[in-house]
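File shown: work.cif (mmCIF, C-alpha atoms and all ligand atoms).
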```cif
data_my_file
loop_
_atom_site.label_atom_id
_atom_site.label_comp_id
_atom_site.auth_asym_id
_atom_site.auth_seq_id
_atom_site.Cartn_x
_atom_site.Cartn_y
_atom_site.Cartn_z
CA MET W 1 19.92 -0.45 -14.21
CA THR W 2 16.78 1.29 -13.05
CA ILE W 3 13.32 0.42 -11.79
CA LEU W 4 10.22 2.55 -12.20
CA VAL W 5 8.08 2.79 -9.06
CA THR W 6 4.60 4.34 -9.18
CA GLY W 7 3.04 5.82 -6.03
CA GLY W 8 6.40 5.85 -4.27
CA ALA W 9 5.52 8.89 -2.14
CA GLY W 10 2.62 7.11 -0.44
CA PHE W 11 2.72 4.93 2.65
CA ILE W 12 3.86 1.55 1.29
CA GLY W 13 5.59 3.01 -1.77
CA SER W 14 7.85 5.28 0.27
CA ASN W 15 8.71 2.45 2.67
CA PHE W 16 9.52 0.30 -0.37
CA VAL W 17 11.77 2.94 -1.96
CA LEU W 18 13.61 3.57 1.32
CA ASP W 19 14.11 -0.16 1.96
CA TRP W 20 15.08 -0.82 -1.68
CA ILE W 21 17.83 1.80 -1.70
CA ALA W 22 19.01 0.84 1.80
CA ALA W 23 19.33 -2.77 0.58
CA GLY W 24 21.60 -1.64 -2.29
CA GLY W 25 18.98 -1.88 -5.03
CA GLU W 26 19.45 -0.02 -8.29
CA LYS W 27 18.22 3.51 -9.06
CA VAL W 28 14.52 4.26 -8.58
CA VAL W 29 12.52 6.55 -10.82
CA ASN W 30 9.56 7.43 -8.62
CA LEU W 31 6.41 8.57 -10.44
CA ASP W 32 3.77 9.99 -8.12
CA LYS W 33 0.93 12.43 -8.63
CA LEU W 34 1.17 13.67 -5.03
CA THR W 35 -2.49 13.42 -4.17
CA TYR W 36 -3.39 14.13 -0.53
CA ALA W 37 -1.77 10.73 0.25
CA GLY W 38 1.58 11.45 -1.37
CA ASN W 39 4.14 13.04 0.92
CA LEU W 40 7.71 13.75 -0.15
CA ALA W 41 8.68 14.36 3.44
CA ASN W 42 8.64 10.53 3.69
CA LEU W 43 11.59 10.53 1.29
CA ALA W 44 13.47 13.49 2.77
CA SER W 45 16.46 11.25 3.55
CA LEU W 46 16.88 10.63 -0.19
CA ALA W 47 16.72 14.31 -1.20
CA SER W 48 20.26 14.41 -2.55
CA ASN W 49 20.67 10.71 -3.29
CA PRO W 50 21.39 10.12 -7.00
CA LYS W 51 19.70 6.72 -6.72
CA HIS W 52 16.30 8.41 -6.35
CA ALA W 53 14.71 10.50 -9.10
CA PHE W 54 11.29 11.89 -8.28
CA VAL W 55 8.82 12.78 -11.03
CA ARG W 56 5.49 14.37 -10.24
CA GLY W 57 2.91 13.01 -12.65
CA ASP W 58 -0.10 10.81 -13.27
CA ILE W 59 0.02 7.12 -14.19
CA GLY W 60 -2.80 7.95 -16.63
CA ASP W 61 -0.52 10.27 -18.63
CA ARG W 62 0.65 7.98 -21.41
CA GLU W 63 2.86 10.64 -23.05
CA LEU W 64 4.74 11.19 -19.81
CA LEU W 65 5.09 7.43 -19.36
CA ALA W 66 6.52 7.00 -22.88
CA LYS W 67 9.03 9.74 -22.11
CA LEU W 68 10.07 8.11 -18.85
CA PHE W 69 10.51 4.70 -20.46
CA ALA W 70 12.59 6.19 -23.30
CA GLU W 71 14.74 8.19 -20.89
CA HIS W 72 15.34 5.62 -18.13
CA ALA W 73 14.89 2.20 -19.78
CA PRO W 74 13.80 0.48 -16.53
CA ARG W 75 14.19 -3.27 -16.10
CA ALA W 76 10.97 -3.43 -14.06
CA VAL W 77 7.90 -1.48 -12.96
CA VAL W 78 6.60 -1.75 -9.39
CA HIS W 79 3.07 -0.37 -9.38
CA PHE W 80 1.75 1.00 -6.06
CA ALA W 81 -0.09 4.14 -7.26
CA ALA W 82 -3.75 3.99 -6.32
CA GLU W 83 -6.53 5.59 -4.41
CA SER W 84 -6.40 3.37 -1.33
CA HIS W 85 -8.93 4.37 1.33
CA VAL W 86 -12.21 2.44 1.49
CA ASP W 87 -14.15 5.22 3.28
CA ARG W 88 -13.15 7.76 0.62
CA SER W 89 -14.25 5.34 -2.11
CA ILE W 90 -17.71 5.24 -0.54
CA HIS W 91 -18.00 9.04 -0.61
CA GLY W 92 -16.38 9.54 -4.04
CA PRO W 93 -15.81 6.45 -6.18
CA ALA W 94 -14.91 8.31 -9.41
CA ALA W 95 -11.26 8.93 -8.51
CA PHE W 96 -10.92 5.22 -7.69
CA VAL W 97 -12.18 4.11 -11.09
CA GLN W 98 -10.03 6.75 -12.77
CA THR W 99 -6.71 5.94 -11.09
CA ASN W 100 -7.04 2.29 -10.14
CA MET W 101 -8.65 1.08 -13.36
CA VAL W 102 -8.08 3.66 -16.13
CA GLY W 103 -4.70 4.69 -14.72
CA THR W 104 -3.53 1.07 -14.47
CA PHE W 105 -4.76 0.46 -18.01
CA GLU W 106 -2.73 3.41 -19.33
CA LEU W 107 0.32 2.24 -17.40
CA LEU W 108 -0.07 -1.27 -18.79
CA GLU W 109 -0.36 0.05 -22.33
CA ALA W 110 2.69 2.29 -22.02
CA THR W 111 4.71 -0.49 -20.38
CA ARG W 112 3.67 -3.03 -23.01
CA ALA W 113 4.70 -0.64 -25.81
CA TYR W 114 8.12 -0.19 -24.17
CA TRP W 115 8.51 -3.92 -23.45
CA ASN W 116 7.84 -4.68 -27.11
CA THR W 117 10.84 -2.57 -28.11
CA LEU W 118 13.28 -4.51 -25.89
CA ALA W 119 15.85 -6.96 -27.22
CA ASP W 120 15.11 -10.63 -26.46
CA ASP W 121 17.21 -10.90 -23.33
CA ALA W 122 15.94 -7.69 -21.70
CA ARG W 123 12.40 -8.55 -22.79
CA SER W 124 12.50 -11.92 -21.08
CA ARG W 125 13.98 -10.45 -17.88
CA PHE W 126 11.51 -7.53 -17.68
CA ARG W 127 8.84 -7.62 -14.91
CA PHE W 128 5.71 -5.66 -14.04
CA LEU W 129 4.88 -6.09 -10.34
CA HIS W 130 1.28 -5.13 -9.60
CA VAL W 131 0.62 -4.39 -5.92
CA SER W 132 -2.92 -5.33 -4.96
CA THR W 133 -5.07 -6.15 -1.98
CA ASP W 134 -6.85 -9.03 -0.26
CA GLU W 135 -10.08 -6.98 -0.36
CA VAL W 136 -10.72 -8.20 -3.92
CA TYR W 137 -11.82 -11.55 -2.41
CA GLY W 138 -14.67 -10.02 -0.39
CA SER W 139 -15.58 -11.01 3.15
CA LEU W 140 -15.06 -14.29 5.08
CA GLY W 141 -17.28 -16.01 7.62
CA GLU W 142 -15.94 -16.54 11.13
CA ASN W 143 -14.66 -20.09 10.48
CA ASP W 144 -13.81 -19.92 6.76
CA PRO W 145 -10.26 -20.72 5.68
CA GLY W 146 -8.13 -17.71 4.64
CA PHE W 147 -8.14 -16.35 1.08
CA SER W 148 -5.95 -18.35 -1.28
CA GLU W 149 -4.91 -17.44 -4.83
CA THR W 150 -7.83 -19.49 -6.18
CA THR W 151 -10.53 -17.85 -4.03
CA PRO W 152 -13.10 -16.29 -6.40
CA TYR W 153 -13.13 -12.50 -6.60
CA ALA W 154 -16.09 -10.85 -4.81
CA PRO W 155 -15.21 -7.19 -4.15
CA ASN W 156 -17.68 -5.29 -1.97
CA SER W 157 -16.55 -1.63 -1.97
CA PRO W 158 -15.85 0.77 -4.84
CA TYR W 159 -12.19 0.61 -3.74
CA SER W 160 -11.95 -3.16 -3.87
CA ALA W 161 -13.95 -3.31 -7.11
CA SER W 162 -11.56 -0.87 -8.75
CA LYS W 163 -8.55 -2.90 -7.53
CA ALA W 164 -10.21 -6.10 -8.77
CA GLY W 165 -10.67 -4.42 -12.16
CA SER W 166 -6.98 -3.57 -12.27
CA ASP W 167 -6.04 -7.13 -11.27
CA HIS W 168 -8.17 -8.50 -14.12
CA LEU W 169 -6.50 -6.20 -16.63
CA VAL W 170 -3.06 -7.30 -15.44
CA ARG W 171 -4.11 -10.95 -15.68
CA ALA W 172 -5.50 -10.43 -19.20
CA TYR W 173 -2.30 -8.71 -20.37
CA HIS W 174 -0.32 -11.76 -19.36
CA HIS W 175 -2.80 -14.19 -20.89
CA THR W 176 -3.22 -12.27 -24.16
CA TYR W 177 0.18 -10.69 -24.79
CA GLY W 178 2.47 -12.83 -22.66
CA PHE W 179 3.16 -9.62 -20.71
CA PRO W 180 5.47 -10.54 -17.76
CA ALA W 181 3.29 -9.41 -14.85
CA VAL W 182 3.30 -10.71 -11.28
CA THR W 183 0.53 -9.67 -8.83
CA THR W 184 0.65 -9.61 -5.04
CA ASN W 185 -2.57 -9.44 -2.97
CA CYS W 186 -1.75 -8.28 0.52
CA SER W 187 -3.59 -7.81 3.81
CA ASN W 188 -3.74 -4.68 6.02
CA ASN W 189 -0.40 -2.93 6.38
CA TYR W 190 0.71 -0.70 9.22
CA GLY W 191 3.94 1.07 10.14
CA PRO W 192 5.78 4.38 9.64
CA TYR W 193 4.45 7.06 7.25
CA GLN W 194 0.86 5.76 7.08
CA PHE W 195 -1.62 8.57 6.47
CA PRO W 196 -3.69 9.11 9.64
CA GLU W 197 -6.98 8.24 7.97
CA LYS W 198 -6.33 4.48 8.35
CA LEU W 199 -7.20 2.66 11.58
CA ILE W 200 -3.85 2.41 13.40
CA PRO W 201 -2.32 5.85 12.69
CA LEU W 202 -5.71 7.54 13.17
CA MET W 203 -6.13 5.94 16.58
CA VAL W 204 -2.58 6.80 17.67
CA ALA W 205 -2.92 10.42 16.52
CA ASN W 206 -6.34 10.84 18.19
CA ALA W 207 -5.24 9.15 21.41
CA LEU W 208 -2.25 11.46 21.73
CA GLU W 209 -4.57 14.46 21.36
CA GLY W 210 -7.11 13.05 23.82
CA ARG W 211 -9.76 12.81 21.08
CA ASP W 212 -12.40 10.10 20.57
CA LEU W 213 -11.27 6.77 19.11
CA PRO W 214 -14.08 6.01 16.62
CA VAL W 215 -14.71 2.25 16.35
CA TYR W 216 -17.11 1.36 13.52
CA GLY W 217 -20.14 -0.80 14.39
CA ASP W 218 -19.44 -3.42 17.05
CA GLY W 219 -15.67 -3.41 16.46
CA ARG W 220 -15.68 -7.19 15.96
CA GLN W 221 -14.56 -7.07 12.32
CA VAL W 222 -11.35 -9.00 11.70
CA ARG W 223 -8.32 -7.90 9.68
CA ASP W 224 -4.97 -9.62 9.14
CA TRP W 225 -2.15 -7.20 9.98
CA LEU W 226 1.26 -7.07 8.31
CA TYR W 227 4.12 -4.74 9.21
CA VAL W 228 4.94 -2.65 6.14
CA SER W 229 8.62 -3.63 5.77
CA ASP W 230 7.53 -7.30 5.64
CA HIS W 231 5.24 -6.41 2.74
CA CYS W 232 8.10 -4.56 1.03
CA GLU W 233 10.31 -7.62 1.36
CA ALA W 234 7.56 -9.83 -0.11
CA ILE W 235 7.35 -7.47 -3.10
CA ARG W 236 11.13 -7.61 -3.62
CA VAL W 237 11.01 -11.40 -3.49
CA ALA W 238 8.04 -11.61 -5.88
CA LEU W 239 9.79 -9.21 -8.25
CA GLU W 240 12.95 -11.29 -8.36
CA ARG W 241 11.59 -14.82 -8.14
CA GLY W 242 7.83 -14.66 -8.82
CA ARG W 243 6.63 -16.46 -11.93
CA PRO W 244 5.08 -14.22 -14.63
CA GLY W 245 1.32 -14.64 -14.77
CA GLU W 246 1.14 -15.79 -11.14
CA THR W 247 -0.47 -14.09 -8.16
CA TYR W 248 0.85 -14.36 -4.60
CA ASN W 249 -1.16 -13.70 -1.43
CA VAL W 250 0.79 -11.92 1.29
CA GLY W 251 -0.30 -11.83 4.94
CA GLY W 252 0.95 -11.49 8.48
CA ASN W 253 -0.66 -14.51 10.20
CA SER W 254 -2.01 -11.89 12.58
CA GLU W 255 -5.78 -11.85 12.57
CA ARG W 256 -7.20 -9.41 15.12
CA ARG W 257 -10.61 -7.90 15.79
CA ASN W 258 -10.60 -4.12 15.37
CA LEU W 259 -11.41 -3.66 19.04
CA GLU W 260 -8.47 -5.88 20.00
CA VAL W 261 -6.19 -3.68 17.89
CA VAL W 262 -7.50 -0.51 19.52
CA HIS W 263 -7.17 -2.04 23.00
CA ALA W 264 -3.58 -3.14 22.32
CA LEU W 265 -2.74 0.32 21.09
CA CYS W 266 -4.36 2.02 24.11
CA ASP W 267 -2.54 -0.27 26.53
CA ALA W 268 0.82 0.39 24.86
CA LEU W 269 0.20 4.14 25.00
CA ASP W 270 -0.79 3.89 28.67
CA LYS W 271 2.77 2.66 29.33
CA LEU W 272 4.57 5.05 27.00
CA ARG W 273 2.41 8.19 27.50
CA PRO W 274 0.22 7.67 30.58
CA ARG W 275 -3.06 9.57 30.65
CA ALA W 276 -5.54 10.08 33.50
CA GLY W 277 -8.34 7.51 33.15
CA GLY W 278 -6.37 5.52 30.56
CA HIS W 279 -6.64 5.66 26.75
CA ARG W 280 -9.38 3.02 26.53
CA SER W 281 -11.79 5.58 27.98
CA LEU W 282 -11.53 7.48 24.66
CA ILE W 283 -13.08 4.62 22.66
CA LYS W 284 -16.40 5.57 21.07
CA PHE W 285 -18.57 3.21 19.02
CA VAL W 286 -19.83 5.02 15.92
CA THR W 287 -22.09 4.21 12.94
CA ASP W 288 -20.74 1.33 10.88
CA ARG W 289 -19.10 1.71 7.45
CA PRO W 290 -21.69 0.89 4.71
CA GLY W 291 -21.06 -2.58 3.24
CA HIS W 292 -18.34 -3.18 5.85
CA ASP W 293 -16.46 -6.45 5.19
CA ARG W 294 -16.58 -8.61 8.30
CA ARG W 295 -13.39 -10.61 8.06
CA TYR W 296 -10.23 -10.88 5.96
CA ALA W 297 -7.62 -13.61 6.40
CA ILE W 298 -4.78 -14.74 4.17
CA ASP W 299 -3.42 -18.16 3.35
CA ALA W 300 0.17 -17.25 2.45
CA THR W 301 1.31 -20.84 1.79
CA LYS W 302 2.17 -20.19 -1.86
CA ILE W 303 4.59 -17.29 -1.35
CA SER W 304 6.12 -19.07 1.61
CA THR W 305 6.69 -22.44 -0.09
CA GLU W 306 7.48 -21.19 -3.61
CA LEU W 307 9.43 -18.04 -2.84
CA GLY W 308 10.57 -18.62 0.73
CA TRP W 309 8.98 -15.46 2.17
CA THR W 310 7.56 -15.26 5.70
CA PRO W 311 7.00 -12.14 7.82
CA ARG W 312 9.69 -11.15 10.31
CA GLU W 313 7.52 -9.09 12.67
CA THR W 314 4.74 -10.38 14.90
CA PHE W 315 1.77 -8.11 15.46
CA GLU W 316 3.09 -7.26 18.94
CA THR W 317 6.62 -6.30 17.82
CA GLY W 318 5.33 -4.46 14.74
CA LEU W 319 2.76 -2.50 16.72
CA GLU W 320 5.32 -1.46 19.31
CA ARG W 321 7.73 -0.26 16.59
CA THR W 322 4.90 1.61 14.92
CA ILE W 323 3.71 3.38 18.05
CA ARG W 324 7.26 4.38 18.95
CA TRP W 325 7.74 5.74 15.41
CA TYR W 326 4.63 7.92 15.70
CA LEU W 327 5.74 9.15 19.13
CA ASP W 328 9.22 9.98 17.80
CA ASN W 329 7.83 11.66 14.69
CA ALA W 330 5.14 13.91 16.11
CA ALA W 331 6.22 16.67 13.69
CA TRP W 332 5.43 14.43 10.68
CA VAL W 333 1.94 13.73 12.05
CA ALA W 334 1.38 17.42 12.87
CA GLN W 335 2.39 18.51 9.34
CA VAL W 336 0.08 15.95 7.78
CA LYS W 337 -2.84 16.86 10.03
CA SER W 338 -2.43 20.60 9.52
CA GLY W 339 -2.01 20.19 5.76
CA GLU W 340 1.35 21.96 6.01
CA TYR W 341 3.07 19.17 4.10
CA ARG W 342 1.13 20.22 1.03
CA ASN W 343 2.48 23.78 1.17
CA TRP W 344 5.95 22.34 1.41
CA LEU W 345 5.30 20.11 -1.60
CA ASP W 346 3.89 22.93 -3.68
CA ALA W 347 6.78 25.22 -2.78
CA ASN W 348 9.39 22.57 -3.53
CA TYR W 349 7.86 20.57 -6.34
CA GLY W 350 4.94 22.55 -7.79
CA LYS W 351 7.12 24.21 -10.42
CA ARG W 352 8.97 20.99 -11.07
CA SER W 353 5.88 19.01 -12.09
CA ALA W 354 6.79 16.73 -14.93
CA ALA W 355 5.57 17.85 -18.31
P1 LIG W 401 -1.42 5.52 -0.26
O1 LIG W 401 -2.79 6.06 -0.46
O2 LIG W 401 -0.71 5.80 1.02
O3 LIG W 401 -0.46 6.00 -1.44
C1 LIG W 401 -0.85 6.04 -2.77
C2 LIG W 401 0.17 6.86 -3.56
O4 LIG W 401 -0.23 6.84 -4.94
C3 LIG W 401 0.24 8.32 -3.12
O5 LIG W 401 1.58 8.72 -3.01
C4 LIG W 401 -0.47 9.06 -4.24
O6 LIG W 401 0.00 10.39 -4.42
C5 LIG W 401 -0.16 8.17 -5.44
N1 LIG W 401 -1.14 8.29 -6.53
C6 LIG W 401 -2.49 8.27 -6.42
N2 LIG W 401 -3.06 8.43 -7.63
C7 LIG W 401 -2.04 8.53 -8.53
C8 LIG W 401 -1.98 8.68 -9.93
N3 LIG W 401 -3.10 8.78 -10.67
N4 LIG W 401 -0.78 8.74 -10.53
C9 LIG W 401 0.36 8.67 -9.79
N5 LIG W 401 0.36 8.54 -8.46
C10 LIG W 401 -0.82 8.46 -7.83
O7 LIG W 401 -1.56 3.96 -0.50
P2 LIG W 401 -0.80 2.74 0.20
O8 LIG W 401 -1.53 2.38 1.43
O9 LIG W 401 0.64 3.03 0.25
O10 LIG W 401 -1.08 1.59 -0.88
C11 LIG W 401 -0.19 1.40 -1.98
C12 LIG W 401 -0.72 0.27 -2.85
O11 LIG W 401 -0.80 -0.92 -2.07
C13 LIG W 401 -2.13 0.50 -3.39
O12 LIG W 401 -2.17 0.00 -4.70
C14 LIG W 401 -3.02 -0.30 -2.47
O13 LIG W 401 -4.18 -0.72 -3.13
C15 LIG W 401 -2.12 -1.46 -2.12
N6 LIG W 401 -2.37 -2.10 -0.81
C16 LIG W 401 -2.44 -1.34 0.32
C17 LIG W 401 -2.61 -1.97 1.55
C18 LIG W 401 -2.67 -1.18 2.84
O14 LIG W 401 -2.96 -1.77 3.88
N7 LIG W 401 -2.38 0.10 2.85
C19 LIG W 401 -2.71 -3.37 1.61
C20 LIG W 401 -2.66 -4.10 0.42
C21 LIG W 401 -2.46 -3.45 -0.80
O1 LIG W 402 -6.92 -5.38 3.43
C1 LIG W 402 -6.06 -4.52 2.74
C2 LIG W 402 -6.64 -3.12 2.73
O2 LIG W 402 -6.49 -2.62 4.06
C3 LIG W 402 -5.98 -2.18 1.73
O3 LIG W 402 -6.22 -2.66 0.44
C4 LIG W 402 -6.53 -0.76 1.87
O4 LIG W 402 -5.83 0.12 1.00
C5 LIG W 402 -6.33 -0.32 3.31
O5 LIG W 402 -6.89 0.97 3.50
C6 LIG W 402 -6.97 -1.32 4.28
O6 LIG W 402 -8.42 -1.28 4.18
P1 LIG W 402 -9.34 -1.32 5.49
O7 LIG W 402 -10.65 -0.73 5.16
O8 LIG W 402 -9.32 -2.67 6.12
O9 LIG W 402 -8.46 -0.33 6.43
P2 LIG W 402 -8.87 0.83 7.44
O10 LIG W 402 -7.63 1.21 8.17
O11 LIG W 402 -9.65 1.92 6.77
O12 LIG W 402 -9.85 0.08 8.46
C7 LIG W 402 -9.44 -1.07 9.16
C8 LIG W 402 -10.61 -1.58 9.96
O13 LIG W 402 -10.90 -0.63 10.99
C9 LIG W 402 -11.89 -1.68 9.14
O14 LIG W 402 -12.64 -2.80 9.60
C10 LIG W 402 -12.64 -0.38 9.45
C11 LIG W 402 -12.23 -0.10 10.89
N1 LIG W 402 -12.13 1.34 11.25
C12 LIG W 402 -11.41 2.16 10.46
C13 LIG W 402 -11.29 3.50 10.77
C14 LIG W 402 -10.50 4.43 9.88
C15 LIG W 402 -12.74 1.78 12.41
O15 LIG W 402 -13.39 1.02 13.15
N2 LIG W 402 -12.61 3.11 12.73
C16 LIG W 402 -11.93 3.98 11.95
O16 LIG W 402 -11.87 5.20 12.28
#
```
Spit out the file's structure as structure tokens when you get a sec.
Amino acid sequence: MTILVTGGAGFIGSNFVLDWIAAGGEKVVNLDKLTYAGNLANLASLASNPKHAFVRGDIGDRELLAKLFAEHAPRAVVHFAAESHVDRSIHGPAAFVQTNMVGTFELLEATRAYWNTLADDARSRFRFLHVSTDEVYGSLGENDPGFSETTPYAPNSPYSASKAGSDHLVRAYHHTYGFPAVTTNCSNNYGPYQFPEKLIPLMVANALEGRDLPVYGDGRQVRDWLYVSDHCEAIRVALERGRPGETYNVGGNSERRNLEVVHALCDALDKLRPRAGGHRSLIKFVTDRPGHDRRYAIDATKISTELGWTPRETFETGLERTIRWYLDNAAWVAQVKSGEYRNWLDANYGKRSAA
């Protein structure tokens, strides 16, 4: 048995693949385009593991997808591949529409064609797990209840709009074709292997170099934080027990203002890597992100009561693990920041791009 994972060289995807194989899951065929966010160094420990087959390619390449389905006959698809950074979507939305919407459409079409060829039993067991975000619901007021699965969609950035578009396609494929899709909408993840453009790894990397810690606007925006391996477990649970056609919100019960997150991180670094004047002195308030969502929060009652999932890490334990990981893996951060990881990828995988 095999599963097809898309975007498995990115932050959450690589954590998922590592956890999946460590937990004794079946073979993974990992399809990833290796954009700036894809990094095979994340999967170095699987380099000679026969349970991991890496294919460099685009989810929008339907011919390649048909070939992969014919060759590997997966029992499920877990779809992470996306452009994922809100700030980049503001500067260049085209790639977001292309990958998140058109790419997901092509993947759905190729998967549906394959699913239609399956015998009854395999067809009824097949699943398409679509990994999405809480940002599709828009922004909450200070005292609003958290997003539930019935909260109306109101995306505010090109990123969240493109993810909302993909969610709607997935929903329509279930409604129209009976396609066995399950969607998860998750809050902000953090943990090992996160590209240092996102808040937590950016702040850790800058703090260690003594650079400014740029807090957008007043820093009072609220996010709900979830340690990445908890998200990976939620995806495994939704894949095995989630009901086709359903969506499940996933969150960490850990709402924090951005400034609180940065303070916690500075204080932890003060203990682990003391610095004259303390790390908080590096904080610099900068111009706000255009259209910046004020608050996200998740009501995860459904996945907890129906599927029995709750997060294992608190924000405090998860943050400590994360900071220690970045301290212990300074070479990974340095390679990403210098761009050296891309040379390594090109040298090792450029010629092996899937055709
Ligand atoms: P990431 O940017 O770290 O990784 C994305 C991966 O997708 C990269 O490896 C990249 O090379 C690959 N990719 C991009 N375009 C591709 C294409 N056209 N074809 C094949 N591969 C392609 O993203 P992430 O933070 O790991 O997020 C993974 C998924 O989870 C995304 O769908 C994102 O929307 C969703 N999500 C992320 C968070 C979060 O906090 N990071 C929270 C909720 C949901
Ligand atoms: O909510 C889930 C989403 O979380 C995912 O769908 C996205 O893929 C993921 O990138 C993340 O989106 P955010 O925009 O919330 O994450 P980011 O790390 O970019 O920013 C977190 C908060 O911190 C946000 O309010 C903006 C702020 N911020 C961010 C950066 C990079 C700063 O104040 N300074 C910064 O330098």
Per residue of range 138-167 of chain W within 8 Å of range 119-134 of chain W, which atom pair is closest and at what distance in Å (one decimal), using all atoms listed in the file, listed by chain and increasing number, as CSV?
```
residue,atom,partner,partner_atom,distance
W:Gly138,CA,W:Asp134,CA,7.9
W:Phe147,CA,W:Asp134,CA,7.6
W:Ser160,CA,W:Thr133,CA,7.7
W:Lys163,CA,W:Ser132,CA,6.6
W:Asp167,CA,W:Ser132,CA,7.3
```
What residues have any atom no more than 7 Å from ligand LIG 402 (chain W) when counting only C-alpha atoms and all ligand atoms, and can you list them as a PDB file with C-alpha atoms, in the coordinates of the input?
```pdb
ATOM      1  CA  SER W  84      -6.400   3.370  -1.330  1.00  0.00           C
ATOM      2  CA  HIS W  85      -8.930   4.370   1.330  1.00  0.00           C
ATOM      3  CA  VAL W  86     -12.210   2.440   1.490  1.00  0.00           C
ATOM      4  CA  ASP W  87     -14.150   5.220   3.280  1.00  0.00           C
ATOM      5  CA  SER W 132      -2.920  -5.330  -4.960  1.00  0.00           C
ATOM      6  CA  THR W 133      -5.070  -6.150  -1.980  1.00  0.00           C
ATOM      7  CA  ASP W 134      -6.850  -9.030  -0.260  1.00  0.00           C
ATOM      8  CA  GLU W 135     -10.080  -6.980  -0.360  1.00  0.00           C
ATOM      9  CA  CYS W 186      -1.750  -8.280   0.520  1.00  0.00           C
ATOM     10  CA  SER W 187      -3.590  -7.810   3.810  1.00  0.00           C
ATOM     11  CA  ASN W 188      -3.740  -4.680   6.020  1.00  0.00           C
ATOM     12  CA  ASN W 189      -0.400  -2.930   6.380  1.00  0.00           C
ATOM     13  CA  GLU W 197      -6.980   8.240   7.970  1.00  0.00           C
ATOM     14  CA  LYS W 198      -6.330   4.480   8.350  1.00  0.00           C
ATOM     15  CA  LEU W 199      -7.200   2.660  11.580  1.00  0.00           C
ATOM     16  CA  ILE W 200      -3.850   2.410  13.400  1.00  0.00           C
ATOM     17  CA  LEU W 202      -5.710   7.540  13.170  1.00  0.00           C
ATOM     18  CA  PRO W 214     -14.080   6.010  16.620  1.00  0.00           C
ATOM     19  CA  VAL W 215     -14.710   2.250  16.350  1.00  0.00           C
ATOM     20  CA  TYR W 216     -17.110   1.360  13.520  1.00  0.00           C
ATOM     21  CA  GLY W 219     -15.670  -3.410  16.460  1.00  0.00           C
ATOM     22  CA  GLN W 221     -14.560  -7.070  12.320  1.00  0.00           C
ATOM     23  CA  VAL W 222     -11.350  -9.000  11.700  1.00  0.00           C
ATOM     24  CA  ARG W 223      -8.320  -7.900   9.680  1.00  0.00           C
ATOM     25  CA  ASN W 258     -10.600  -4.120  15.370  1.00  0.00           C
ATOM     26  CA  HIS W 292     -18.340  -3.180   5.850  1.00  0.00           C
ATOM     27  CA  ASP W 293     -16.460  -6.450   5.190  1.00  0.00           C
ATOM     28  CA  TYR W 296     -10.230 -10.880   5.960  1.00  0.00           C
TER      29      TYR W 296
END
```
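Nearest to ligand LIG 401 (chain W) of all the residues W:Ser148, W:Ser166, W:Thr301, W:Asn156 is W:Ser166, counting all atoms listed in the file.
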Fill in: Neighbourhood of ligand LIG 401 (chain W) at 7 Å, counting all atoms listed in the file, reported as number ranges by chain
W: 6-13, 31-39, 57-60, 80-85, 99, 103, 131-134, 163, 185-190, 194-195
Please produce an output containing C-alpha atoms for each residue in the selection, written as a short mmCIF file (atom, residue, chain, number, x, y, z; two decimals), keeping the file's coordinate frame.
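Once everything was written out, this is again05.cif:
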```
data_model
loop_
_atom_site.label_atom_id
_atom_site.label_comp_id
_atom_site.auth_asym_id
_atom_site.auth_seq_id
_atom_site.Cartn_x
_atom_site.Cartn_y
_atom_site.Cartn_z
CA THR W 6 4.60 4.34 -9.18
CA GLY W 7 3.04 5.82 -6.03
CA GLY W 8 6.40 5.85 -4.27
CA ALA W 9 5.52 8.89 -2.14
CA GLY W 10 2.62 7.11 -0.44
CA PHE W 11 2.72 4.93 2.65
CA ILE W 12 3.86 1.55 1.29
CA GLY W 13 5.59 3.01 -1.77
CA LEU W 31 6.41 8.57 -10.44
CA ASP W 32 3.77 9.99 -8.12
CA LYS W 33 0.93 12.43 -8.63
CA LEU W 34 1.17 13.67 -5.03
CA THR W 35 -2.49 13.42 -4.17
CA TYR W 36 -3.39 14.13 -0.53
CA ALA W 37 -1.77 10.73 0.25
CA GLY W 38 1.58 11.45 -1.37
CA ASN W 39 4.14 13.04 0.92
CA GLY W 57 2.91 13.01 -12.65
CA ASP W 58 -0.10 10.81 -13.27
CA ILE W 59 0.02 7.12 -14.19
CA GLY W 60 -2.80 7.95 -16.63
CA PHE W 80 1.75 1.00 -6.06
CA ALA W 81 -0.09 4.14 -7.26
CA ALA W 82 -3.75 3.99 -6.32
CA GLU W 83 -6.53 5.59 -4.41
CA SER W 84 -6.40 3.37 -1.33
CA HIS W 85 -8.93 4.37 1.33
CA THR W 99 -6.71 5.94 -11.09
CA GLY W 103 -4.70 4.69 -14.72
CA VAL W 131 0.62 -4.39 -5.92
CA SER W 132 -2.92 -5.33 -4.96
CA THR W 133 -5.07 -6.15 -1.98
CA ASP W 134 -6.85 -9.03 -0.26
CA LYS W 163 -8.55 -2.90 -7.53
CA ASN W 185 -2.57 -9.44 -2.97
CA CYS W 186 -1.75 -8.28 0.52
CA SER W 187 -3.59 -7.81 3.81
CA ASN W 188 -3.74 -4.68 6.02
CA ASN W 189 -0.40 -2.93 6.38
CA TYR W 190 0.71 -0.70 9.22
CA GLN W 194 0.86 5.76 7.08
CA PHE W 195 -1.62 8.57 6.47
#
```
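The smallest atom-to-atom distance between Gly146 in chain W and any of W:Thr176, W:Thr104, W:Asn329, W:Ser254, using only C-alpha atoms, is found for W:Ser254.
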